[in-house]
Every structure is written in structure tokens, then in C-alpha cells.
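Structure data follow from protein.txt (compact mmCIF, C-alpha atoms):
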# COMPACT_ATOMS: atom_id res chain seq x y z
CA MET A 1 -22.94 35.85 -11.60
CA LEU A 2 -20.75 32.99 -10.50
CA THR A 3 -21.19 29.82 -12.47
CA VAL A 4 -19.67 26.41 -11.95
CA TYR A 5 -20.01 23.73 -14.54
CA GLU A 6 -20.31 20.31 -13.07
CA GLN A 7 -20.90 16.77 -14.19
CA THR A 8 -23.18 14.67 -12.06
CA TYR A 9 -23.39 10.93 -11.85
CA ILE A 10 -25.19 8.13 -10.11
CA MET A 11 -23.02 5.44 -8.57
CA VAL A 12 -23.93 1.91 -9.64
CA SER A 13 -24.40 -0.47 -6.75
CA TRP A 14 -25.15 -4.17 -6.81
CA GLN A 15 -27.40 -5.56 -4.12
CA LEU A 16 -25.88 -8.51 -2.30
CA ARG A 17 -28.18 -11.14 -0.83
CA GLN A 18 -27.27 -14.07 1.38
CA TYR A 19 -28.82 -17.48 1.86
CA VAL A 20 -30.94 -17.92 5.00
CA SER A 21 -31.47 -21.51 6.15
CA PRO A 22 -34.87 -22.80 7.32
CA MET A 23 -33.47 -22.38 10.86
CA GLY A 24 -32.77 -18.70 10.14
CA ARG A 25 -28.96 -18.99 9.86
CA LYS A 26 -27.39 -16.44 7.54
CA ALA A 27 -24.72 -18.10 5.39
CA VAL A 28 -22.23 -15.28 4.85
CA ASP A 29 -22.69 -13.61 8.24
CA ASP A 30 -21.93 -16.94 9.91
CA TRP A 31 -18.96 -17.62 7.66
CA ARG A 32 -17.57 -14.14 8.32
CA LYS A 33 -17.84 -14.65 12.07
CA GLY A 34 -15.90 -17.90 11.69
CA LEU A 35 -13.04 -16.27 9.79
CA PRO A 36 -9.96 -15.33 11.82
CA ALA A 37 -10.34 -11.79 13.21
CA GLY A 38 -8.25 -9.20 11.43
CA VAL A 39 -7.02 -9.57 7.85
CA PRO A 40 -9.39 -12.26 6.50
CA ARG A 41 -12.47 -10.38 7.74
CA ALA A 42 -11.21 -6.99 6.60
CA ASP A 43 -10.31 -8.44 3.19
CA LEU A 44 -13.79 -9.94 2.80
CA ASP A 45 -15.35 -6.60 3.72
CA ALA A 46 -13.10 -4.65 1.35
CA PHE A 47 -13.66 -7.10 -1.50
CA LEU A 48 -17.46 -6.99 -1.25
CA LYS A 49 -17.53 -3.21 -0.88
CA ASN A 50 -15.49 -2.83 -4.04
CA ILE A 51 -17.24 -5.41 -6.16
CA VAL A 52 -20.72 -3.97 -5.60
CA LYS A 53 -19.56 -0.77 -7.27
CA GLU A 54 -18.38 -2.51 -10.45
CA ARG A 55 -21.00 -2.36 -13.18
CA SER A 56 -19.91 -5.60 -14.80
CA TRP A 57 -18.19 -8.38 -12.90
CA GLU A 58 -15.41 -10.02 -14.86
CA TYR A 59 -12.44 -12.30 -14.36
CA PRO A 60 -10.53 -12.29 -12.02
CA VAL A 61 -13.14 -11.15 -9.48
CA ILE A 62 -15.72 -13.68 -10.67
CA GLY A 63 -15.47 -17.04 -12.38
CA GLY A 64 -17.95 -19.51 -13.77
CA LEU A 65 -18.06 -23.12 -12.67
CA SER A 66 -18.37 -26.06 -15.02
CA GLY A 67 -20.29 -29.31 -15.34
CA ARG A 68 -23.07 -29.87 -12.83
CA HIS A 69 -22.14 -26.64 -11.12
CA SER A 70 -22.37 -24.42 -14.19
CA CYS A 71 -25.46 -22.75 -12.72
CA LEU A 72 -23.16 -21.23 -10.10
CA THR A 73 -20.45 -18.61 -10.13
CA GLU A 74 -17.80 -17.83 -7.58
CA LEU A 75 -16.51 -14.49 -6.32
CA ARG A 76 -12.75 -14.67 -5.96
CA TRP A 77 -10.08 -12.97 -3.88
CA ARG A 78 -7.04 -13.92 -1.90
CA SER A 79 -6.41 -13.24 1.73
CA LYS A 80 -3.04 -13.96 3.32
CA GLY A 81 -2.15 -15.79 0.11
CA LYS A 82 -5.09 -18.17 0.38
CA PRO A 83 -7.81 -18.14 -2.30
CA HIS A 84 -11.21 -17.28 -0.84
CA ARG A 85 -14.51 -17.85 -2.62
CA ILE A 86 -18.18 -17.08 -2.27
CA LEU A 87 -20.37 -19.35 -4.35
CA GLY A 88 -23.64 -17.99 -5.60
CA TYR A 89 -25.58 -16.84 -8.62
CA GLN A 90 -27.15 -13.75 -10.11
CA LEU A 91 -30.81 -13.29 -9.25
CA GLN A 92 -31.45 -10.39 -11.61
CA GLU A 93 -29.68 -7.32 -12.91
CA PHE A 94 -27.38 -5.95 -10.18
CA GLU A 95 -28.56 -8.51 -7.63
CA TYR A 96 -26.43 -11.46 -6.52
CA LEU A 97 -27.29 -14.22 -4.08
CA MET A 98 -24.37 -15.55 -2.02
CA LEU A 99 -24.90 -19.17 -0.98
CA ILE A 100 -21.74 -20.16 0.85
CA GLY A 101 -18.29 -18.83 1.66
CA CYS A 102 -15.25 -21.08 1.46
CA THR A 103 -11.54 -21.26 0.78
CA HIS A 104 -10.03 -22.96 -2.22
CA ASP A 105 -6.57 -24.09 -1.24
CA LYS A 106 -4.60 -26.33 -3.62
CA LYS A 107 -7.71 -26.76 -5.78
CA LYS A 108 -9.70 -28.13 -2.85
CA TYR A 109 -12.67 -26.32 -1.39
CA LYS A 110 -12.94 -26.01 2.36
CA PRO A 111 -15.51 -27.08 3.45
CA SER A 112 -15.02 -29.91 0.99
CA ASP A 113 -18.74 -30.14 0.20
CA ALA A 114 -19.04 -26.42 -0.60
CA LEU A 115 -20.04 -27.00 -4.22
CA GLU A 116 -22.72 -29.53 -3.35
CA THR A 117 -24.00 -27.36 -0.52
CA ALA A 118 -24.26 -24.38 -2.85
CA LEU A 119 -26.18 -26.45 -5.40
CA ARG A 120 -28.55 -27.75 -2.74
CA ARG A 121 -29.09 -24.28 -1.32
CA ARG A 122 -29.90 -22.86 -4.72
CA LYS A 123 -32.49 -25.56 -5.20
CA ASP A 124 -33.89 -24.97 -1.71
CA VAL A 125 -34.30 -21.27 -2.42
CA GLU A 126 -35.90 -21.88 -5.79
CA GLU A 127 -38.32 -24.42 -4.34
CA GLY A 128 -39.23 -22.25 -1.36
CA ARG A 129 -37.65 -24.38 1.38
CA ALA A 130 -35.18 -21.63 2.23
CA SER A 131 -34.98 -17.91 1.70
CA TYR A 132 -32.49 -15.09 1.42
CA CYS A 133 -32.02 -11.64 2.84
CA GLU A 134 -29.98 -8.54 2.22
CA TYR A 135 -26.30 -8.78 3.09
CA GLN A 136 -25.28 -5.75 5.12
CA LEU A 137 -21.88 -4.52 4.02
CA VAL A 138 -19.55 -3.25 6.70
CA THR A 139 -19.65 0.39 5.68
CA ASP A 140 -19.66 3.89 7.07
CA GLN A 141 -23.35 4.32 6.24
CA MET B 1 -16.65 9.05 9.92
CA ASN B 2 -20.08 8.01 11.17
CA ILE B 3 -19.61 6.94 14.79
CA ASN B 4 -22.70 4.72 14.66
CA SER B 5 -21.76 2.83 11.52
CA SER B 6 -20.93 -0.86 11.39
CA LEU B 7 -17.50 0.03 10.05
CA THR B 8 -16.67 2.34 12.95
CA SER B 9 -17.77 -0.37 15.33
CA GLU B 10 -15.28 -2.79 13.73
CA LEU B 11 -12.54 -0.16 13.63
CA ARG B 12 -12.67 0.19 17.40
CA GLU B 13 -10.79 -3.12 17.48
CA LYS B 14 -7.07 -2.53 16.86
CA GLN B 15 -6.68 -5.83 15.02
CA TYR B 16 -9.42 -4.96 12.54
CA ARG B 17 -8.13 -1.39 12.24
CA ASP B 18 -4.68 -2.55 11.17
CA ALA B 19 -6.19 -5.10 8.81
CA TYR B 20 -8.50 -2.46 7.30
CA VAL B 21 -5.49 -0.36 6.30
CA SER B 22 -3.75 -3.26 4.61
CA SER B 23 -6.99 -4.34 2.90
CA GLN B 24 -7.28 -0.95 1.24
CA ILE B 25 -3.94 -1.68 -0.41
CA ARG B 26 -4.08 -5.42 -1.11
CA ILE B 27 -7.78 -5.56 -2.04
CA GLY B 28 -8.63 -1.95 -2.91
CA LEU B 29 -5.66 -1.09 -5.11
CA PRO B 30 -6.27 -3.89 -7.66
CA PHE B 31 -9.78 -2.49 -8.19
CA GLN B 32 -8.28 0.98 -8.57
CA ILE B 33 -5.66 -0.18 -11.08
CA ARG B 34 -8.24 -2.02 -13.18
CA ALA B 35 -10.56 1.00 -13.11
CA LEU B 36 -7.73 3.28 -14.15
CA ARG B 37 -6.78 1.04 -17.04
CA LYS B 38 -10.38 1.04 -18.25
CA THR B 39 -10.80 4.80 -18.02
CA CYS B 40 -7.49 5.22 -19.86
CA GLY B 41 -9.19 4.49 -23.18
CA ASN B 42 -9.81 0.86 -22.21
CA MET B 43 -6.08 0.19 -22.18
CA THR B 44 -5.33 -3.53 -22.46
CA GLN B 45 -3.30 -5.36 -19.85
CA ALA B 46 -0.67 -5.93 -22.53
CA ALA B 47 -0.44 -2.20 -23.29
CA LEU B 48 -0.11 -1.35 -19.60
CA ALA B 49 2.48 -4.09 -19.20
CA THR B 50 4.57 -2.59 -22.00
CA ALA B 51 4.24 0.94 -20.62
CA ALA B 52 5.09 -0.19 -17.08
CA LYS B 53 7.88 -2.52 -18.23
CA MET B 54 6.21 -5.58 -16.76
CA SER B 55 4.79 -8.78 -18.18
CA GLN B 56 1.08 -9.11 -18.99
CA PRO B 57 0.61 -12.05 -16.58
CA ARG B 58 2.05 -9.88 -13.82
CA ILE B 59 -0.49 -7.15 -14.57
CA SER B 60 -3.22 -9.79 -14.43
CA GLU B 61 -1.93 -10.93 -11.06
CA ILE B 62 -1.73 -7.34 -9.78
CA GLU B 63 -5.37 -6.80 -10.75
CA SER B 64 -6.48 -9.87 -8.77
CA PRO B 65 -7.70 -8.70 -5.35
CA GLY B 66 -5.21 -9.88 -2.75
CA GLY B 67 -3.26 -11.67 -5.45
CA ARG B 68 0.07 -10.00 -5.03
CA ASN B 69 1.85 -7.89 -2.48
CA LEU B 70 2.12 -4.48 -4.05
CA ASN B 71 5.40 -2.84 -3.13
CA ILE B 72 6.35 0.76 -3.80
CA GLU B 73 8.58 -0.15 -6.73
CA THR B 74 5.65 -1.90 -8.45
CA LEU B 75 3.36 1.06 -7.82
CA LEU B 76 5.96 3.47 -9.21
CA ARG B 77 6.19 1.41 -12.38
CA LEU B 78 2.41 1.41 -12.74
CA ALA B 79 2.27 5.17 -12.18
CA SER B 80 4.89 5.57 -14.89
CA GLY B 81 2.89 3.28 -17.17
CA PHE B 82 -0.24 5.40 -16.71
CA ASP B 83 1.90 8.60 -16.75
CA VAL B 84 0.28 9.83 -13.54
CA ALA B 85 1.69 10.81 -10.17
CA LEU B 86 1.77 8.58 -7.11
CA GLU B 87 1.34 9.87 -3.58
CA ILE B 88 1.91 7.77 -0.47
CA ARG B 89 1.14 9.48 2.81
CA PHE B 90 -0.14 8.84 6.30
CA VAL B 91 -3.74 9.88 6.89
CA THR B 92 -6.42 9.70 9.55
CA PHE B 93 -8.87 6.81 9.53
CA SER B 94 -11.65 9.27 8.74
CA GLU B 95 -9.86 10.30 5.58
CA LEU B 96 -9.09 6.75 4.54
CA VAL B 97 -12.68 5.66 5.15
CA ALA B 98 -14.06 8.65 3.23
CA ARG B 99 -11.85 7.95 0.23
CA SER B 100 -12.60 4.25 0.28
CA GLU B 101 -16.36 4.68 0.62
CA SER B 102 -16.60 7.25 -2.17
CA PHE B 103 -14.40 5.31 -4.60
CA ASP B 104 -16.36 4.58 -7.73
CA PRO B 105 -14.57 2.37 -10.27
CA GLU B 106 -16.91 3.50 -13.03
CA ARG B 107 -15.87 7.14 -12.61
CA PHE B 108 -12.34 6.80 -11.28
CA GLU B 109 -10.02 8.70 -13.54
CA VAL B 110 -6.60 10.22 -13.16
CA ILE B 111 -5.61 12.09 -16.27
CA SER B 112 -2.16 11.55 -17.67
CA PHE B 113 0.37 14.38 -17.62
CA GLU B 114 -0.14 15.05 -21.32
CA HIS B 115 -3.86 15.70 -20.87
CA GLU B 116 -3.30 17.54 -17.62
CA ILE B 117 -0.99 20.07 -19.22
CA ASP B 118 -3.54 20.74 -21.98
CA ALA B 119 -6.21 21.44 -19.35
CA LEU B 120 -3.90 23.71 -17.40
CA GLU B 121 -3.17 25.75 -20.51
CA GLN B 122 -6.91 26.18 -21.14
CA GLY B 123 -7.36 27.22 -17.53
CA SER B 124 -4.56 29.75 -17.63
CA ALA B 125 -6.15 31.47 -20.61
CA ALA B 126 -9.48 31.63 -18.80
CA SER B 127 -8.05 32.83 -15.51
CA ALA B 128 -6.37 35.77 -17.20
CA LEU B 129 -9.84 37.31 -17.68
CA ASP B 130 -10.79 37.52 -14.04
CA GLN B 131 -8.88 36.62 -10.90
CA ASP B 132 -11.99 34.96 -9.45
CA GLU B 133 -12.07 32.57 -12.32
CA GLY B 134 -10.41 29.24 -12.11
CA LEU B 135 -10.53 25.72 -13.30
CA PHE B 136 -12.40 23.26 -11.17
CA TYR B 137 -11.13 19.72 -10.93
CA ARG B 138 -12.40 16.56 -9.41
CA PRO B 139 -10.11 15.34 -6.62
CA SER B 140 -9.01 12.74 -9.15
CA GLY B 141 -7.59 15.54 -11.32
CA GLN B 142 -10.21 15.38 -14.05
CA PRO B 143 -11.11 18.88 -15.23
CA ILE B 144 -14.84 19.51 -14.98
CA GLY B 145 -15.30 23.19 -15.47
CA TYR B 146 -14.36 26.62 -14.27
CA VAL B 147 -15.73 29.53 -12.33
CA THR B 148 -16.37 32.54 -14.47
CA SER B 149 -18.16 35.86 -14.38
CA GLU B 150 -19.94 35.00 -17.57
CA THR B 151 -21.67 31.92 -18.81
CA ARG B 152 -19.34 29.62 -20.67
CA GLU B 153 -19.96 26.70 -22.97
CA PRO B 154 -19.04 23.43 -21.24
CA PHE B 155 -15.94 21.55 -22.25
CA ALA B 156 -16.40 19.55 -25.38
CA ASP B 157 -15.94 16.25 -23.61
CA GLU B 158 -18.41 16.97 -20.81
CA GLU B 159 -21.33 14.58 -20.94
CA SER B 160 -23.65 17.12 -19.42
CA ALA B 161 -23.31 20.42 -17.69
CA THR B 162 -25.32 21.72 -14.80
CA VAL B 163 -25.19 25.29 -13.72
CA ILE B 164 -24.96 25.45 -9.96
CA PRO B 165 -27.14 28.43 -9.05
CA THR B 166 -25.90 31.42 -7.15
CA PRO B 167 -27.40 31.98 -3.68
CA ALA B 168 -29.86 34.41 -5.23
CA ASP B 169 -31.51 31.51 -7.01
CA GLU B 170 -33.53 28.87 -5.26
CA ALA B 171 -30.84 26.27 -5.03
CA PRO B 172 -31.68 22.71 -4.02
CA TYR B 173 -28.09 22.11 -3.00
CA GLU B 174 -26.75 21.72 0.48
CA PHE B 175 -24.10 24.40 0.28
CA ALA B 176 -23.93 28.07 -0.56
CA ILE B 177 -21.63 29.35 -3.22
CA GLY B 178 -21.30 32.90 -4.46
CA THR B 179 -19.10 35.86 -4.99
CA ASP B 180 -19.48 36.90 -1.35
CA THR B 181 -18.67 33.45 -0.03
CA PRO B 182 -15.05 32.36 -0.13
CA LEU B 183 -14.73 29.22 -2.16
CA LYS B 184 -13.48 26.19 -0.35
CA GLU B 185 -10.53 24.41 -1.84
CA SER B 186 -12.61 21.35 -2.32
CA PHE B 187 -16.04 20.14 -1.48
CA ALA B 188 -18.45 17.38 -2.24
CA PHE B 189 -22.18 17.32 -1.96
CA HIS B 190 -25.16 15.17 -2.74
CA SER B 191 -28.27 16.18 -4.57
CA ASP B 192 -31.08 14.16 -6.06
CA MET B 193 -29.02 14.11 -9.24
CA GLY B 194 -26.26 12.04 -7.67
CA GLN B 195 -22.91 12.67 -6.11
CA HIS B 196 -20.86 15.73 -6.98
CA GLU B 197 -17.29 16.50 -6.20
CA LEU B 198 -15.51 19.72 -6.99
CA MET B 199 -12.09 21.00 -6.19
CA ARG B 200 -10.67 24.40 -6.99
CA LEU B 201 -7.21 24.48 -8.41
CA SER B 202 -5.11 27.56 -7.69
CA LEU B 203 -3.76 28.92 -10.91

Transcribe the structure of this file into C-alpha cells.
Amino acid sequence: MLTVYEQTYIMVSWQLRQYVSPMGRKAVDDWRKGLPAGVPRADLDAFLKNIVKERSWEYPVIGGLSGRHSCLTELRWRSKGKPHRILGYQLQEFEYLMLIGCTHDKKKYKPSDALETALRRRKDVEEGRASYCEYQLVTDQ
Amino acid sequence: MNINSSLTSELREKQYRDAYVSSQIRIGLPFQIRALRKTCGNMTQAALATAAKMSQPRISEIESPGGRNLNIETLLRLASGFDVALEIRFVTFSELVARSESFDPERFEVISFEHEIDALEQGSAASALDQDEGLFYRPSGQPIGYVTSETREPFADEESATVIPTPADEAPYEFAIGTDTPLKESFAFHSDMGQHELMRLSL
């Protein structure tokens, strides 16, 4: 008899959601399309594909915001030396809602109203004026 | 590579293809380094910094996705700090995609040379009993078990052990394995229990 001993495991995977406006615009899909083709898009794809596999998100890949924006967190990476962010919040265990994508150059968000937009979108989702949907990762699946 | 996937569709563009390769290094490697540090007994950044002869803030920067350009010298220092080998080679996109997609930071482990040599010594003793026996390793190098003609107790540090049935049994797995079937050097398969990866090491 031939016997192989083997450990099995289940891969953890977060579910990423994205904000959908009342007009049906998908926040992260639209932002991704607006990024320069090539490195910034590939970096976004690689970052999100890696972060969903991490059981717990910690600094430096996520950071909390302060003051009025403390109900939000931001996913963080750099692309071509420029800090990139996705503002959002955790819906439930292993589920994160992305509200807006932006850059954060020299401590300034671009678009400049990204924080306020994220706050407003969170409120819109919570009060039923807007919704969210699954974010499809760019994968081999 | 799945020719109908969204990734393959993107990869058809040369600009994205080139960017994908660099993203695996600038974005993917920091995740890999952090995972490795955690599976190395939850090594602190300070401990890795000392072992790799770097400063702790530099380790922090290296672990930030896209935060720092990782050159070969830096990677060699990190490999030395972890006491593992480093391989840099050209591969097909299919291979790169497969490795990237299956990367799991929670299970990523590359054992240090000290632990590797212990496992090899155990394996050598076992293989002396039967030439068909051999240690099985994950592609990461982590020993997971060995093929034997008799049932063996699992390694002490195995969380659980599953006997993969011989073809004579009703196996739910997607591959056949048995004394009459030559063993592949490495293979991976899925079952309802999760993802499995095995690799045979020639002893």
C-alpha cells in the first residue's frame, strides 16, 4: 500500500465590494479605468489580489483615519512612487466596502474631496440611497 | 492559464503584460516577505533587520507594497536573514500567473537551512527502507510527509494528516496515485477539503 501524508488547508479570502452610485456607476471600476494603462493598473490589481488573502489587515497595507473620518479606513500602496489609496470600511468579517480610489501625493488627496466623498457615500449606502456590488478581481479564474 | 479569464484578457496587451511582471516584484514581494517573517516564528522586523544587516525602518519600507525598489542585493540580504535560498529565473507567463494566484500568505513558508537539513536526515533514514519511499515536500520546501510501504505516524508538527487512498480505494481525488503509476515530481489538486500541493524530493 502506498500512503502519502498530507496537510490540507482552506485559503482565506476577503470579499471586496465597491460602491455603486444611484446612476449605477461603479466607483473602483471607474477609477481603475481612469488610471494610466500599464503599471498603475497592474499594481492596483496585484495589491487587491494579495490583500484579500491576508487574514488580518495591518499597517502598512491599511490605515485608520482620524477625526470626522475615523469611521473610514484606507488601503495603501505605492505605484511609480506615488501613494495610492482606496477609502472604505469593513462591512463584516472578511468583507470590505471600497468607496473611492485616490492618490495621496504630498499629504493631499486627489481628488481633493476624496475624504468627504467617501463619508457621503458611506452615509448614502447606510441610508439606502446607494448600493454596492462585488468587486471582480482581475484573476485567472 | 485560463484563456477566458479577465487576467488573460489584460495580459494580451503588451503594456499590461510588462507591468504585471514588475507588479509581482514591487507589490507581490512585500507581501511574501511579510508572510515569511510571520511564518518564521513571528519574527519581528527588528530581528529580521539584524539578521539581514539592515535597519528596522528599511524593513518596514520593504514590506510596504510598492514602497521601495527591491534590487537583487537587497533580496540577497533578506534571503541571508531568513537563511533560505533565493532563485531568480525567467519563466513563462503561465507559470508566473499560477504561482501568483496560488500564493497564500497564511501558509507561505520556506524553511531555513537548519530545519531543512533536519528534515533531510529524517528522510534519508526512511528512504533506506524502501527505494519507493521518499519525503514529500510542498513546493515551498516545507516537509509534509513521505511515501512508504507501511503506514507511518505523521510528523509531530503536522496539524492533521490525511491518508490519500490508493487507486483500489474509492478516492474522491482528481488524480490517481499508486505503486503502478509513476509519481510525478510535483502536483497539486483540489478536493472539498481545500487545496493540496505535494512535491516529491529525490533522495

Define the interface residues of chain A facing chain B as those within 12 Å, counting only C-alpha atoms, and report them as number ranges by chain. A: 1-13, 36-62, 75-85, 136-141

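Between atom CA of A:Ser112 and atom CA of A:Glu127 the interatomic distance comes to 24.5 Å.
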
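The space separating atom CA of A:Gln92 from atom CA of A:Trp14 comes to 10.1 Å.
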
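Rounded to one decimal, atom CA of A:Arg122 and atom CA of A:Leu99 lie 7.3 Å from each other.
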
Find the residues around A:Leu115 up to 12 Å (only C-alpha atoms counted), leave out those fewer than 2 positions away in its own chain, and share them as a PyMOL selection string.
chain A and resi 65-74+85-88+99-104+108-113+117-122
